[in-house]
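Visitor: I'd like to ask you about the structure that follows.
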Amino acid sequence: MNMKILRQLGIILALCLAAEFVVSLLPIAFPGSVTAILILAALLGLKILKEGHIKETADFMLSNMAIVFVPVSIGMVEDIGLLKGQLAGFFTVVCISLILTFLGTYASVRLVQVCMGRLSGKGGAAGA
């Protein structure tokens, strides 16, 4: 295995472990994965960590992310009996969360477009 890939995996693992440590110190429940993403964003934003330090491994992980959802899907199929009396409510929640996710993603993308437009001096209508 390439040493560069091992180094990148080590960086990602260290970020995950640091996030779990931070979460263990918090007085409230908070997902370690979200904390790891926030730490990664901060390190990239402060230029402490560069994209090239984790690029190949992160690209590989993103391109194979669907594998993560297989166990969850199988678990849902095994427990489908629990949903039988709750299907209408389940699908309502799924549809509402899907719409809210789309709207949140749209709002985030527009905000980034406006900010990027202002930074580049083109005003707020970039890509509209």
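Letters A, B, ... mark the chains of the structure tokens in the order given; residue numbers begin at 1 per chain; ligand numbers begin at 1, in order shown.
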Residues near Ile5 of chain A, anyone? I mean within 12 Å using only C-alpha atoms, not counting same-chain ones fewer than 4 positions away, as a list in words.
Guide: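 Within the cut-off, the hits are Met1, Leu9, Gly10, Ile11, Ile12, Gly52, His53, Ile54, Lys55, Glu56, Thr57, Ala58, Asp59, Phe60 and Met61 of chain A.
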Visitor: From segment 3-125 of chain A, collect each residue whose DSSP state is alpha helix (DSSP H) and return the set as a ChimeraX atom specification.
Guide: /A:3-25,32-45,55-63,66-78,80-83,87-119
Visitor: Of the candidates A:Leu87, A:Leu15, A:Thr105, A:Glu78, which shows the shortest atom-to-atom distance to Leu43 of chain A, using only C-alpha atoms?
Guide: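 Closest to Leu43 of chain A of all the choices is A:Leu15.
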Visitor: So that I can check the surroundings of Ile39 of chain A, please list as a list in words every protein, DNA and RNA residue that reaches within 9 Å of it, counting only C-alpha atoms and ignoring chain neighbours fewer than 4 positions away.
Guide: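 In the requested format, the answer is Leu15, Ala18, Ala19, Val34, Thr35, Leu43 and Leu44 of chain A.
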Visitor: Could you please determine the separation between atom CA of Ser33 of chain A and atom CA of Phe69 of chain A in Å, to one decimal place?
Guide: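 Atom-to-atom, atom CA of Ser33 of chain A and atom CA of Phe69 of chain A are spaced 15.3 Å apart.
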